[in-house]
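Q: Compact mmCIF, C-alpha atoms, file model19.txt:
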# COMPACT_ATOMS: atom_id res chain seq x y z
CA MET A 1 35.00 133.09 26.12
CA GLU A 2 32.98 130.22 24.70
CA LYS A 3 32.52 129.74 20.97
CA ILE A 4 30.67 127.13 18.93
CA GLN A 5 33.98 125.34 18.48
CA ASP A 6 34.13 124.94 22.26
CA ILE A 7 30.82 123.09 22.18
CA ALA A 8 32.30 120.77 19.59
CA SER A 9 35.40 120.26 21.72
CA GLU A 10 33.33 119.47 24.80
CA LEU A 11 31.42 116.90 22.77
CA GLN A 12 34.58 115.25 21.54
CA ASN A 13 36.11 115.18 25.02
CA ARG A 14 33.07 113.98 26.89
CA TRP A 15 31.69 111.54 24.34
CA ALA A 16 34.85 110.37 22.61
CA ASP A 17 34.47 107.04 20.75
CA ASP A 18 30.69 107.45 20.72
CA PRO A 19 29.16 107.10 17.23
CA ALA A 20 26.56 109.70 18.26
CA THR A 21 29.28 112.35 18.47
CA GLU A 22 29.78 112.42 14.72
CA LEU A 23 26.05 113.00 14.25
CA CYS A 24 26.13 115.80 16.85
CA LEU A 25 29.04 117.52 15.13
CA LYS A 26 27.37 117.32 11.71
CA LEU A 27 24.18 118.84 13.04
CA ILE A 28 26.05 121.60 14.87
CA LYS A 29 27.94 122.44 11.68
CA PHE A 30 24.69 122.53 9.73
CA MET A 31 23.02 124.83 12.28
CA ALA A 32 26.06 127.09 12.37
CA ASN A 33 25.91 127.61 8.62
CA GLU A 34 22.19 127.64 7.92
CA PRO A 35 20.05 130.81 8.19
CA ASN A 36 18.23 130.84 11.53
CA GLU A 37 14.79 131.08 9.94
CA ARG A 38 15.33 127.64 8.39
CA LEU A 39 16.01 126.11 11.78
CA ASN A 40 12.65 126.84 13.37
CA MET A 41 11.34 123.32 13.40
CA LEU A 42 13.71 120.39 13.25
CA THR A 43 11.76 117.17 13.64
CA PHE A 44 13.45 113.80 13.76
CA ARG A 45 12.66 113.40 10.05
CA ASN A 46 14.28 116.76 9.28
CA ILE A 47 17.33 115.81 11.33
CA GLN A 48 17.59 112.46 9.54
CA ASN A 49 17.50 114.28 6.19
CA ILE A 50 20.09 116.84 7.28
CA LEU A 51 22.42 114.07 8.47
CA ASN A 52 21.55 111.76 5.59
CA TYR A 53 20.90 109.17 8.30
CA ARG A 54 18.09 106.79 7.48
CA SER A 55 17.92 104.83 10.77
CA LEU A 56 15.86 105.91 13.72
CA ASP A 57 18.29 104.19 16.04
CA ASP A 58 20.00 104.50 19.42
CA ASN A 59 22.79 106.66 18.01
CA LEU A 60 20.37 109.21 16.60
CA VAL A 61 18.27 109.38 19.77
CA ARG A 62 21.43 109.69 21.85
CA ALA A 63 22.85 112.40 19.59
CA VAL A 64 19.74 114.52 20.05
CA THR A 65 19.74 113.83 23.80
CA ILE A 66 23.35 115.00 24.05
CA LEU A 67 22.66 118.17 22.08
CA VAL A 68 19.65 118.97 24.28
CA SER A 69 21.52 118.18 27.52
CA ALA A 70 22.34 120.82 30.10
CA ARG A 71 26.03 120.30 29.43
CA ILE A 72 25.94 120.96 25.67
CA GLN A 73 22.77 123.05 25.28
CA ALA A 74 22.95 123.27 21.50
CA LEU A 75 19.33 122.33 20.94
CA GLU A 76 16.09 123.15 22.68
CA GLN A 77 13.34 120.55 22.70
CA HIS A 78 9.71 121.36 21.94
CA MET A 79 6.59 119.28 21.57
CA LEU A 80 3.84 119.63 19.00
CA LEU A 81 0.39 118.13 19.47
CA ILE A 82 -1.28 117.15 16.20
CA ASP A 83 -4.89 116.70 17.24
CA ASP A 84 -7.65 114.77 15.49
CA ASP A 85 -8.52 117.84 13.45
CA GLU A 86 -4.92 117.93 12.23
CA GLU A 87 -4.38 121.17 14.14
CA ALA A 88 -0.82 121.59 15.35
CA ILE A 89 -0.44 123.11 18.78
CA GLU A 90 2.79 123.57 20.64
CA ILE A 91 2.37 122.27 24.17
CA GLU A 92 4.07 123.23 27.42
CA ALA A 93 6.20 121.11 29.71
CA SER A 94 3.46 121.48 32.33
CA ASP A 95 1.00 119.71 30.00
CA ILE A 96 3.32 116.69 29.94
CA ALA A 97 3.96 116.88 33.67
CA GLU A 98 0.22 116.80 34.32
CA ALA A 99 -0.24 113.88 31.95
CA ARG A 100 2.51 111.97 33.78
CA ALA A 101 0.90 112.64 37.13
CA SER A 102 -2.68 111.89 36.14
CA GLY A 103 -2.13 109.36 33.35
CA ARG A 104 -4.36 111.41 31.06
CA PHE A 105 -3.54 114.16 28.59
CA VAL A 106 -5.77 117.21 28.41
CA HIS A 107 -6.02 119.12 25.12
CA PRO A 108 -4.68 122.57 26.04
CA SER A 109 -7.32 124.35 23.94
CA THR A 110 -10.46 122.24 24.22
CA GLY A 111 -9.90 120.73 27.66
CA GLU A 112 -10.84 117.30 26.32
CA TYR A 113 -8.95 114.16 27.24
CA ILE A 114 -6.88 112.76 24.42
CA ASP A 115 -6.49 109.01 24.14
CA ASP A 116 -3.20 107.54 22.99
CA TYR A 117 -1.72 111.04 23.17
CA GLU A 118 1.85 109.99 22.53
CA SER A 119 0.85 109.02 18.99
CA LYS A 120 -0.07 112.65 18.49
CA LEU A 121 3.03 114.26 20.05
CA VAL A 122 5.82 115.23 17.67
CA PRO A 123 9.08 116.29 19.29
CA PHE A 124 10.91 119.04 17.43
CA TYR A 125 14.04 121.02 18.03
CA THR A 126 15.42 124.49 17.55
CA PRO A 127 18.86 125.90 18.17
CA SER A 128 19.07 126.97 21.80
CA GLU A 129 19.35 130.61 22.78
CA LYS A 130 22.93 129.91 23.82
CA PHE A 131 23.76 128.42 20.41
CA LEU A 132 22.20 131.37 18.59
CA ARG A 133 24.18 133.83 20.71
CA LEU A 134 27.43 132.00 19.99
CA LYS A 135 26.53 131.84 16.30
CA ALA A 136 25.99 135.60 16.28
CA GLY A 137 29.46 136.04 17.72
CA LYS A 138 28.19 137.06 21.14
CA TYR A 139 30.56 135.05 23.23
CA GLU A 140 29.51 133.53 26.60
CA MET B 1 6.39 110.65 5.25
CA ASN B 2 4.83 111.51 8.64
CA ASP B 3 6.88 113.12 11.36
CA ILE B 4 8.15 110.83 14.08
CA THR B 5 6.01 110.87 17.18
CA VAL B 6 6.79 110.03 20.78
CA LYS B 7 4.93 106.76 20.22
CA ASP B 8 7.22 105.98 17.28
CA LEU B 9 10.27 106.59 19.45
CA ARG B 10 8.93 104.23 22.09
CA ALA B 11 7.89 101.58 19.56
CA ARG B 12 11.45 101.12 18.32
CA ALA B 13 12.80 100.86 21.88
CA ARG B 14 12.54 97.13 22.61
CA LYS B 15 15.27 96.65 25.20
CA THR B 16 15.66 98.33 28.57
CA PRO B 17 18.61 100.57 27.58
CA GLN B 18 16.67 101.84 24.57
CA LYS B 19 13.57 102.53 26.65
CA ILE B 20 15.68 104.43 29.15
CA GLY B 21 17.24 106.39 26.28
CA VAL B 22 13.84 107.54 25.01
CA ASP B 23 12.65 108.46 28.51
CA LEU B 24 15.86 110.38 29.08
CA LEU B 25 15.31 112.43 25.93
CA LEU B 26 11.70 113.17 26.84
CA LEU B 27 12.72 114.05 30.40
CA GLU B 28 14.67 116.98 28.96
CA PHE B 29 11.37 118.50 27.81
CA ALA B 30 9.64 118.20 31.17
CA PRO B 31 12.31 117.64 33.83
CA GLU B 32 11.31 115.88 37.02
CA TYR B 33 13.91 114.78 39.58
CA SER B 34 12.04 111.68 40.74
CA LEU B 35 11.83 110.46 37.14
CA PHE B 36 15.51 111.24 36.56
CA VAL B 37 16.40 109.17 39.62
CA GLU B 38 14.11 106.36 38.50
CA LEU B 39 15.90 106.20 35.16
CA VAL B 40 19.35 106.20 36.75
CA GLU B 41 18.35 103.43 39.15
CA CYS B 42 16.81 101.37 36.36
CA ALA B 43 20.02 101.80 34.37
CA ILE B 44 22.22 100.76 37.30
CA ASP B 45 20.05 97.69 37.91
CA TRP B 46 20.34 96.72 34.26
CA ALA B 47 24.12 97.25 34.29
CA ALA B 48 24.43 95.13 37.44
CA GLN B 49 22.46 92.33 35.78
CA GLU B 50 24.62 92.49 32.66
CA MET B 51 27.81 92.23 34.71
CA ALA B 52 26.39 89.35 36.75
CA ARG B 53 25.62 87.41 33.56
CA ASN B 54 29.28 87.09 32.63
CA PRO B 55 31.34 87.36 35.81
CA GLN B 56 34.16 85.31 34.31
CA SER B 57 34.92 88.18 31.94
CA LEU B 58 35.37 90.52 34.88
CA VAL B 59 37.70 88.38 37.00
CA GLY B 60 40.77 90.35 38.14
CA MET B 61 39.29 93.78 37.43
CA ASN B 62 39.80 96.43 40.06
CA GLU B 63 37.15 98.85 41.35
CA ASP B 64 37.91 101.53 38.80
CA GLN B 65 37.74 99.10 35.90
CA LEU B 66 34.43 97.64 37.07
CA THR B 67 32.98 101.11 37.56
CA PHE B 68 34.24 102.20 34.17
CA ALA B 69 32.23 99.34 32.68
CA ILE B 70 29.09 100.71 34.36
CA LEU B 71 29.90 104.25 33.23
CA ARG B 72 30.19 103.11 29.63
CA MET B 73 26.80 101.43 29.84
CA LEU B 74 25.20 104.56 31.29
CA LYS B 75 26.71 106.76 28.60
CA THR B 76 25.51 104.41 25.89
CA MET B 77 21.98 104.93 27.17
CA GLY B 78 22.42 108.70 26.87
CA PHE B 79 23.25 109.71 30.43
CA ASP B 80 25.73 112.50 31.07
CA ALA B 81 27.73 110.21 33.33
CA SER B 82 31.33 110.50 34.43
CA HIS B 83 33.90 109.94 37.12
CA GLN B 84 34.76 113.41 38.25
CA MET B 85 35.55 115.98 40.86
CA VAL B 86 32.58 116.65 43.12
CA GLY B 87 34.19 117.47 46.45
CA GLY B 88 36.76 114.83 45.52
CA HIS B 89 36.76 112.08 42.90
CA CYS B 90 33.31 110.57 43.02
CA ASP B 91 33.03 107.21 41.24
CA LEU B 92 29.79 107.88 39.38
CA VAL B 93 28.42 111.34 38.68
CA VAL B 94 25.22 111.53 36.65
CA GLU B 95 24.01 114.99 35.74
CA GLY B 96 20.66 115.96 34.34
CA PRO B 97 18.60 119.04 33.50
CA ASN B 98 17.93 121.71 36.13
CA GLU B 99 21.11 120.80 38.08
CA PHE B 100 19.75 117.31 38.80
CA LEU B 101 22.51 115.24 40.32
CA TRP B 102 22.86 111.58 41.26
CA LEU B 103 26.11 110.42 42.83
CA GLY B 104 27.30 106.85 43.19
CA GLU B 105 30.09 105.28 45.14
CA ALA B 106 31.31 101.84 44.08
CA LYS B 107 33.27 99.44 46.25
CA ILE B 108 34.52 95.87 45.97
CA HIS B 109 33.35 94.21 49.14
CA ASN B 110 36.20 92.82 51.22
CA GLN B 111 35.53 94.40 54.56
CA TYR B 112 32.50 96.22 55.88
CA GLU B 113 34.78 99.08 57.00
CA TRP B 114 35.69 99.61 53.34
CA LEU B 115 32.01 99.81 52.43
CA PHE B 116 31.41 102.22 55.29
CA LYS B 117 34.26 104.41 54.07
CA GLY B 118 32.47 104.57 50.71
CA PHE B 119 29.20 105.44 52.41
CA GLU B 120 30.82 108.27 54.36
CA GLN B 121 32.57 109.54 51.23
CA LEU B 122 29.22 109.74 49.50
CA ASN B 123 27.44 111.13 52.55
CA THR B 124 29.91 113.67 53.85
CA ARG B 125 32.41 114.41 51.08
CA TYR B 126 30.70 114.31 47.68
CA SER B 127 26.99 114.89 48.11
CA THR B 128 25.37 118.26 48.67
CA GLY B 129 22.10 116.97 50.10
CA ALA B 130 20.40 119.83 48.30
CA PRO B 131 16.98 119.53 46.61
CA ASN B 132 17.24 117.64 43.29
CA GLN B 133 20.61 116.32 44.49
CA ASN B 134 19.52 114.27 47.47
CA VAL B 135 19.53 110.74 46.07
CA GLY B 136 22.61 108.59 45.50
CA GLY B 137 23.76 105.03 45.24
CA MET B 138 26.22 102.53 46.61
CA ILE B 139 27.27 99.83 44.19
CA ILE B 140 28.78 96.87 45.96
CA TYR B 141 30.79 94.42 43.88
CA CYS B 142 30.51 91.00 45.52
CA THR B 143 32.84 88.15 44.71
CA GLN B 144 31.72 86.10 47.69
CA LYS B 145 28.83 83.72 48.17
CA ARG B 146 25.53 84.60 49.87
CA ILE B 147 25.00 88.17 48.86
CA ASP B 148 21.80 88.13 50.90
CA ARG B 149 23.83 87.76 54.10
CA ILE B 150 26.38 90.35 53.03
CA MET B 151 23.68 92.92 52.35
CA GLN B 152 21.84 92.14 55.60
CA LYS B 153 25.03 92.58 57.59
CA TRP B 154 25.74 95.81 55.71
CA ALA B 155 22.27 97.12 56.50
CA ASP B 156 22.72 96.16 60.18
CA LEU B 157 26.01 98.04 60.34
CA LEU B 158 24.42 101.17 58.90
CA LEU B 159 21.58 100.97 61.43
CA GLU B 160 24.19 100.73 64.17
CA ARG B 161 26.40 103.59 63.04
CA VAL B 162 24.34 106.21 61.23
CA PRO B 163 22.03 108.32 63.38
CA GLU B 164 18.36 108.46 62.34
CA ILE B 165 18.89 106.12 59.39
CA SER B 166 16.06 103.93 58.15
CA ILE B 167 16.37 100.92 55.88
CA ALA B 168 13.78 99.64 53.42
CA HIS B 169 14.30 96.60 51.25
CA LEU B 170 13.53 97.00 47.57
CA THR B 171 10.46 95.34 46.15
CA GLY B 172 11.99 94.59 42.75
CA ASN B 173 15.62 93.79 43.37
CA THR B 174 15.14 92.18 46.79
CA LEU B 175 18.88 91.89 47.48
CA GLY B 176 19.20 95.67 47.52
CA PHE B 177 17.81 98.24 49.89
CA ASN B 178 17.29 101.95 50.32
CA SER B 179 18.70 103.81 53.26
CA GLU B 180 17.49 107.25 54.20
CA HIS B 181 18.82 109.68 56.78
CA PRO B 182 19.00 113.44 57.32
CA HIS B 183 21.91 114.79 55.32
CA ASP B 184 24.57 116.39 57.52
CA ARG B 185 24.68 119.56 55.44
CA THR B 186 21.04 120.28 54.75
CA GLY B 187 19.04 118.05 57.07
CA LEU B 188 17.00 116.96 54.06
CA LYS B 189 16.36 113.26 53.66
CA PHE B 190 19.24 111.76 51.71
CA ARG B 191 18.32 108.46 50.11
CA ILE B 192 21.01 106.01 49.04
CA ARG B 193 20.16 102.91 47.07
CA HIS B 194 22.48 100.02 47.90
CA ILE B 195 22.83 97.58 45.02
CA PRO B 196 25.01 94.46 45.02
CA VAL B 197 26.62 93.26 41.81
CA SER B 198 27.12 89.52 41.81
CA LEU B 199 30.59 88.76 40.46
CA LEU B 200 31.28 85.40 42.06
CA PHE B 201 32.71 82.98 39.50
CA ASP B 202 33.41 79.64 41.13
CA PRO B 203 31.85 76.89 39.00
CA GLN B 204 31.84 73.53 40.76
CA ASP B 205 31.35 71.38 37.69
CA ARG B 206 35.03 71.54 36.77
CA LYS B 207 35.85 69.62 39.97
CA LEU B 208 33.61 66.73 38.94
CA VAL B 209 34.50 63.85 36.69
Output the file's structure as structure tokens, nothing else.
A:
Amino acid sequence: MEKIQDIASELQNRWADDPATELCLKLIKFMANEPNERLNMLTFRNIQNILNYRSLDDNLVRAVTILVSARIQALEQHMLLIDDDEEAIEIEASDIAEARASGRFVHPSTGEYIDDYESKLVPFYTPSEKFLRLKAGKYE
Amino acid sequence: MNDITVKDLRARARKTPQKIGVDLLLLEFAPEYSLFVELVECAIDWAAQEMARNPQSLVGMNEDQLTFAILRMLKTMGFDASHQMVGGHCDLVVEGPNEFLWLGEAKIHNQYEWLFKGFEQLNTRYSTGAPNQNVGGMIIYCTQKRIDRIMQKWADLLLERVPEISIAHLTGNTLGFNSEHPHDRTGLKFRIRHIPVSLLFDPQDRKLV
């Protein structure tokens, strides 16, 4: 039966000697102890503050990648579009897939093309469903 | 302070491994196998170039040690990469979202039969040939001269021995090539990217006055 500690062990086994692992473990510990309603939108800035980690560097990007990965599945990745009217809209993976294919991003509400769309996309993270189940003591 | 955007993440990524790292993270949001493969192949190319830059530091290393060096580089970029059991001990296993899988077999070139053994291991032992798992790689460590001839001879051997295989030279890394053939298990096209790693270290200047 898997527990949150097992996620931590997998991290330490698979990514031993990786500086990102320490960041992963700190964030997992934070999420395990914090009320779920305070974990609804973890941006990179939020994560930096939680970890007291000022740099936006390779280790931080890799730590988030590891936590989002299929193997660890501690975090789920989301994407927020902040449009020119400062409206925040959560977008779907299909919106990104279409943008990749066509080279242009379509505003999901207005249907307009958005120039320089990556400057308006804010990645954010939430604990994954798996993590929340383990946190609630519902073992896998 | 404003939240960090995708553009911010890309702006700080100046070198290839960093760019791959950002793309890998974003791939998790909208997984696409062809993009996953592109990132793995870009990473392998970069690793091969890094090893070729300092071949003297790799003299005497065996296959496992050389492959471990590549694995470390892939992991540093953020790949879930390992040497593990996939129908046997596959040299390079890279896993992604949605059961994406890329398998690599690495061989030091001494004899073409040894390379062919690696090809068959990848083709018939390790790979599934299933959708989102039907691309792999052969990494060929070369300590001899004239890699162009080695790779041409290798391609010729594959054309001779593997039914329905086609070969296409790469446009970027022109020493490498793609092979494609129907996978034994599924019949789906199984593409293998053959990449040489230049490890010859035989400087001639030391023989001169």
Q: Go through A:Gly103, A:Pro127, A:Pro19, A:Gly137 and flag the residue nearest A:Leu67, using all atoms listed in the file for the distances.
A: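 Distance minimum relative to A:Leu67 lands on A:Pro127.
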Q: Please build the interface table for stretch 20-77 of chain B against stretch 70-73 of chain A with a cut-off of 12 Å, listing for each qualifying residue the nearest atom pair and the distance in Å to one decimal; count only C-alpha atoms, order rows by chain and increasing number, and write it as JSON lines.
A:
{"residue": "B:Leu25", "atom": "CA", "partner": "A:Ala70", "partner_atom": "CA", "distance": 11.7}
{"residue": "B:Leu27", "atom": "CA", "partner": "A:Ala70", "partner_atom": "CA", "distance": 11.8}
{"residue": "B:Glu28", "atom": "CA", "partner": "A:Ala70", "partner_atom": "CA", "distance": 8.7}
{"residue": "B:Phe29", "atom": "CA", "partner": "A:Ala70", "partner_atom": "CA", "distance": 11.4}
{"residue": "B:Pro31", "atom": "CA", "partner": "A:Ala70", "partner_atom": "CA", "distance": 11.2}
Q: Based on all atoms listed in the file, which of the residues in chain B come within 8 Å of chain A? I want them as a PyMOL selection string.
A: chain B and resi 3-8+12+18+21-22+24-25+28-30+76-78+80+96-98
Q: What does the structure give for the distance between atom CA of B:Ala155 and atom CA of B:Leu92, in Å to one decimal?
A: 21.6 Å
Q: Can you work out the spacing between atom CA of A:Glu86 and atom CA of B:Asn2 in Å, to one decimal?
A: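 These atoms are spaced 12.2 Å apart.
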Q: Work out how far apart atom CA of B:Leu66 and atom CA of B:Leu200 are and give it in Å to one decimal.
A: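 Distance reported for this atom pair: 13.6 Å.
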Q: Would you mind listing what lies within 12 Å of A:Glu37 as a VMD selection string, with only C-alpha atoms counted and same-chain residues fewer than 6 positions away left out?
A: chain A and resid 31 126 to 127 132
Q: Go through B:Lys153, B:His169, B:Arg53, B:His181 one by one, measure the shortest atom-to-atom distance of each to B:His194 using only C-alpha atoms, and give the residue with the smallest value.
A: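 Answer, going by the shortest atom-to-atom distance: B:His169.
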Q: Near stretch 123-126 of chain B, counting only C-alpha atoms, which residues have an atom at most 12 Å away, once you skip same-chain residues fewer than 4 positions from it, shown as a PyMOL selection string?
A: chain B and resi 83-93+101-105+116-119+130+133-138+162+179-187+189-192
Q: Using only C-alpha atoms, can you tell me which of A:Phe131, A:Asp83, A:Ser9, A:Asp17 comes closest to A:Val106?
A: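 Using only C-alpha atoms, A:Val106 sits closest to A:Asp83.
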Q: When distances are computed from all atoms listed in the file, which of B:Gly172, B:Gly60, B:Pro55, B:Pro163 shows the smallest separation from B:Leu199?
A: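 Among the listed residues, the smallest separation from B:Leu199 belongs to B:Pro55.
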Q: Pick out the closest residue to B:Thr143 from this set: B:Val40, B:Leu58, B:Leu175, B:Leu71. Count only C-alpha atoms.
A: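 Of all the options, B:Leu58 lies closest to B:Thr143.
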Q: Leaving out A:Asn33 and any residue of its chain fewer than 5 positions from it, which residues lie within 10 Å of it when counting only C-alpha atoms, given as a PyMOL selection string?
A: chain A and resi 27-28+135
Q: Which neighbours of A:Lys29 fall inside 12 Å, counting only C-alpha atoms, when residues of the same chain fewer than 2 positions from it are skipped, and could you give them as a PDB file with C-alpha atoms, keeping the file's coordinate frame?
A:
ATOM      1  CA  ILE A   4      30.670 127.130  18.930  1.00  0.00           C
ATOM      2  CA  GLN A   5      33.980 125.340  18.480  1.00  0.00           C
ATOM      3  CA  ILE A   7      30.820 123.090  22.180  1.00  0.00           C
ATOM      4  CA  ALA A   8      32.300 120.770  19.590  1.00  0.00           C
ATOM      5  CA  GLU A  22      29.780 112.420  14.720  1.00  0.00           C
ATOM      6  CA  LEU A  23      26.050 113.000  14.250  1.00  0.00           C
ATOM      7  CA  CYS A  24      26.130 115.800  16.850  1.00  0.00           C
ATOM      8  CA  LEU A  25      29.040 117.520  15.130  1.00  0.00           C
ATOM      9  CA  LYS A  26      27.370 117.320  11.710  1.00  0.00           C
ATOM     10  CA  LEU A  27      24.180 118.840  13.040  1.00  0.00           C
ATOM     11  CA  MET A  31      23.020 124.830  12.280  1.00  0.00           C
ATOM     12  CA  ALA A  32      26.060 127.090  12.370  1.00  0.00           C
ATOM     13  CA  ASN A  33      25.910 127.610   8.620  1.00  0.00           C
ATOM     14  CA  GLU A  34      22.190 127.640   7.920  1.00  0.00           C
ATOM     15  CA  ILE A  50      20.090 116.840   7.280  1.00  0.00           C
ATOM     16  CA  LEU A  51      22.420 114.070   8.470  1.00  0.00           C
ATOM     17  CA  ALA A  74      22.950 123.270  21.500  1.00  0.00           C
ATOM     18  CA  PRO A 127      18.860 125.900  18.170  1.00  0.00           C
ATOM     19  CA  PHE A 131      23.760 128.420  20.410  1.00  0.00           C
ATOM     20  CA  LYS A 135      26.530 131.840  16.300  1.00  0.00           C
TER      21      LYS A 135
END
Q: So, counting all atoms listed in the file, which residue among B:Ser127, B:Thr16, B:Gln144, B:Gln152 is closest to B:Asp45?
A: B:Thr16
Q: Give me, as a PyMOL selection string, all polymer residues having an atom no more than 10 Å from A:Ser109, counting only C-alpha atoms and skipping those fewer than 2 positions away in the same chain.
A: chain A and resi 89+91+106-107+111-112
Q: Could you rebuild stretch 24-31 of chain B with all heavy atoms and give me the result as a PDB file, in the frame of the given file?
A:
ATOM      1  N   LEU B  24      14.873 109.356  28.745  1.00  0.00           N
ATOM      2  CA  LEU B  24      15.860 110.380  29.080  1.00  0.00           C
ATOM      3  C   LEU B  24      15.710 111.595  28.159  1.00  0.00           C
ATOM      4  O   LEU B  24      15.753 112.744  28.597  1.00  0.00           O
ATOM      5  CB  LEU B  24      17.251 109.787  28.915  1.00  0.00           C
ATOM      6  CG  LEU B  24      18.397 110.311  29.758  1.00  0.00           C
ATOM      7  CD1 LEU B  24      18.048 110.358  31.224  1.00  0.00           C
ATOM      8  CD2 LEU B  24      19.619 109.409  29.543  1.00  0.00           C
ATOM      9  N   LEU B  25      15.494 111.328  26.887  1.00  0.00           N
ATOM     10  CA  LEU B  25      15.310 112.430  25.930  1.00  0.00           C
ATOM     11  C   LEU B  25      14.055 113.212  26.285  1.00  0.00           C
ATOM     12  O   LEU B  25      14.062 114.437  26.332  1.00  0.00           O
ATOM     13  CB  LEU B  25      15.214 111.873  24.508  1.00  0.00           C
ATOM     14  CG  LEU B  25      14.871 112.899  23.418  1.00  0.00           C
ATOM     15  CD1 LEU B  25      15.926 113.994  23.338  1.00  0.00           C
ATOM     16  CD2 LEU B  25      14.705 112.213  22.060  1.00  0.00           C
ATOM     17  N   LEU B  26      12.975 112.499  26.550  1.00  0.00           N
ATOM     18  CA  LEU B  26      11.700 113.170  26.840  1.00  0.00           C
ATOM     19  C   LEU B  26      11.748 113.896  28.182  1.00  0.00           C
ATOM     20  O   LEU B  26      11.072 114.910  28.377  1.00  0.00           O
ATOM     21  CB  LEU B  26      10.560 112.147  26.824  1.00  0.00           C
ATOM     22  CG  LEU B  26      10.371 111.450  25.471  1.00  0.00           C
ATOM     23  CD1 LEU B  26       9.316 110.350  25.575  1.00  0.00           C
ATOM     24  CD2 LEU B  26       9.999 112.451  24.386  1.00  0.00           C
ATOM     25  N   LEU B  27      12.564 113.390  29.100  1.00  0.00           N
ATOM     26  CA  LEU B  27      12.720 114.050  30.400  1.00  0.00           C
ATOM     27  C   LEU B  27      13.254 115.465  30.228  1.00  0.00           C
ATOM     28  O   LEU B  27      12.947 116.362  31.006  1.00  0.00           O
ATOM     29  CB  LEU B  27      13.676 113.232  31.278  1.00  0.00           C
ATOM     30  CG  LEU B  27      13.929 113.761  32.681  1.00  0.00           C
ATOM     31  CD1 LEU B  27      12.702 113.571  33.555  1.00  0.00           C
ATOM     32  CD2 LEU B  27      15.127 113.077  33.313  1.00  0.00           C
ATOM     33  N   GLU B  28      14.080 115.655  29.193  1.00  0.00           N
ATOM     34  CA  GLU B  28      14.670 116.980  28.960  1.00  0.00           C
ATOM     35  C   GLU B  28      13.586 118.017  28.670  1.00  0.00           C
ATOM     36  O   GLU B  28      13.763 119.196  28.938  1.00  0.00           O
ATOM     37  CB  GLU B  28      15.656 116.922  27.779  1.00  0.00           C
ATOM     38  CG  GLU B  28      16.886 116.072  28.018  1.00  0.00           C
ATOM     39  CD  GLU B  28      17.947 116.783  28.853  1.00  0.00           C
ATOM     40  OE1 GLU B  28      17.784 117.995  29.130  1.00  0.00           O
ATOM     41  OE2 GLU B  28      18.937 116.132  29.229  1.00  0.00           O
ATOM     42  N   PHE B  29      12.458 117.562  28.129  1.00  0.00           N
ATOM     43  CA  PHE B  29      11.370 118.500  27.810  1.00  0.00           C
ATOM     44  C   PHE B  29      10.620 118.908  29.081  1.00  0.00           C
ATOM     45  O   PHE B  29      10.254 120.070  29.260  1.00  0.00           O
ATOM     46  CB  PHE B  29      10.405 117.871  26.799  1.00  0.00           C
ATOM     47  CG  PHE B  29       9.253 118.768  26.445  1.00  0.00           C
ATOM     48  CD1 PHE B  29       9.462 119.952  25.760  1.00  0.00           C
ATOM     49  CD2 PHE B  29       7.958 118.430  26.820  1.00  0.00           C
ATOM     50  CE1 PHE B  29       8.406 120.797  25.456  1.00  0.00           C
ATOM     51  CE2 PHE B  29       6.895 119.263  26.510  1.00  0.00           C
ATOM     52  CZ  PHE B  29       7.119 120.455  25.830  1.00  0.00           C
ATOM     53  N   ALA B  30      10.374 117.928  29.931  1.00  0.00           N
ATOM     54  CA  ALA B  30       9.640 118.200  31.170  1.00  0.00           C
ATOM     55  C   ALA B  30      10.397 117.563  32.330  1.00  0.00           C
ATOM     56  O   ALA B  30      10.065 116.465  32.771  1.00  0.00           O
ATOM     57  CB  ALA B  30       8.219 117.653  31.082  1.00  0.00           C
ATOM     58  N   PRO B  31      11.458 118.239  32.803  1.00  0.00           N
ATOM     59  CA  PRO B  31      12.310 117.640  33.830  1.00  0.00           C
ATOM     60  C   PRO B  31      11.587 117.397  35.142  1.00  0.00           C
ATOM     61  O   PRO B  31      10.805 118.242  35.593  1.00  0.00           O
ATOM     62  CB  PRO B  31      13.424 118.677  34.014  1.00  0.00           C
ATOM     63  CG  PRO B  31      13.414 119.507  32.782  1.00  0.00           C
ATOM     64  CD  PRO B  31      11.984 119.543  32.348  1.00  0.00           C
TER      65      PRO B  31
END
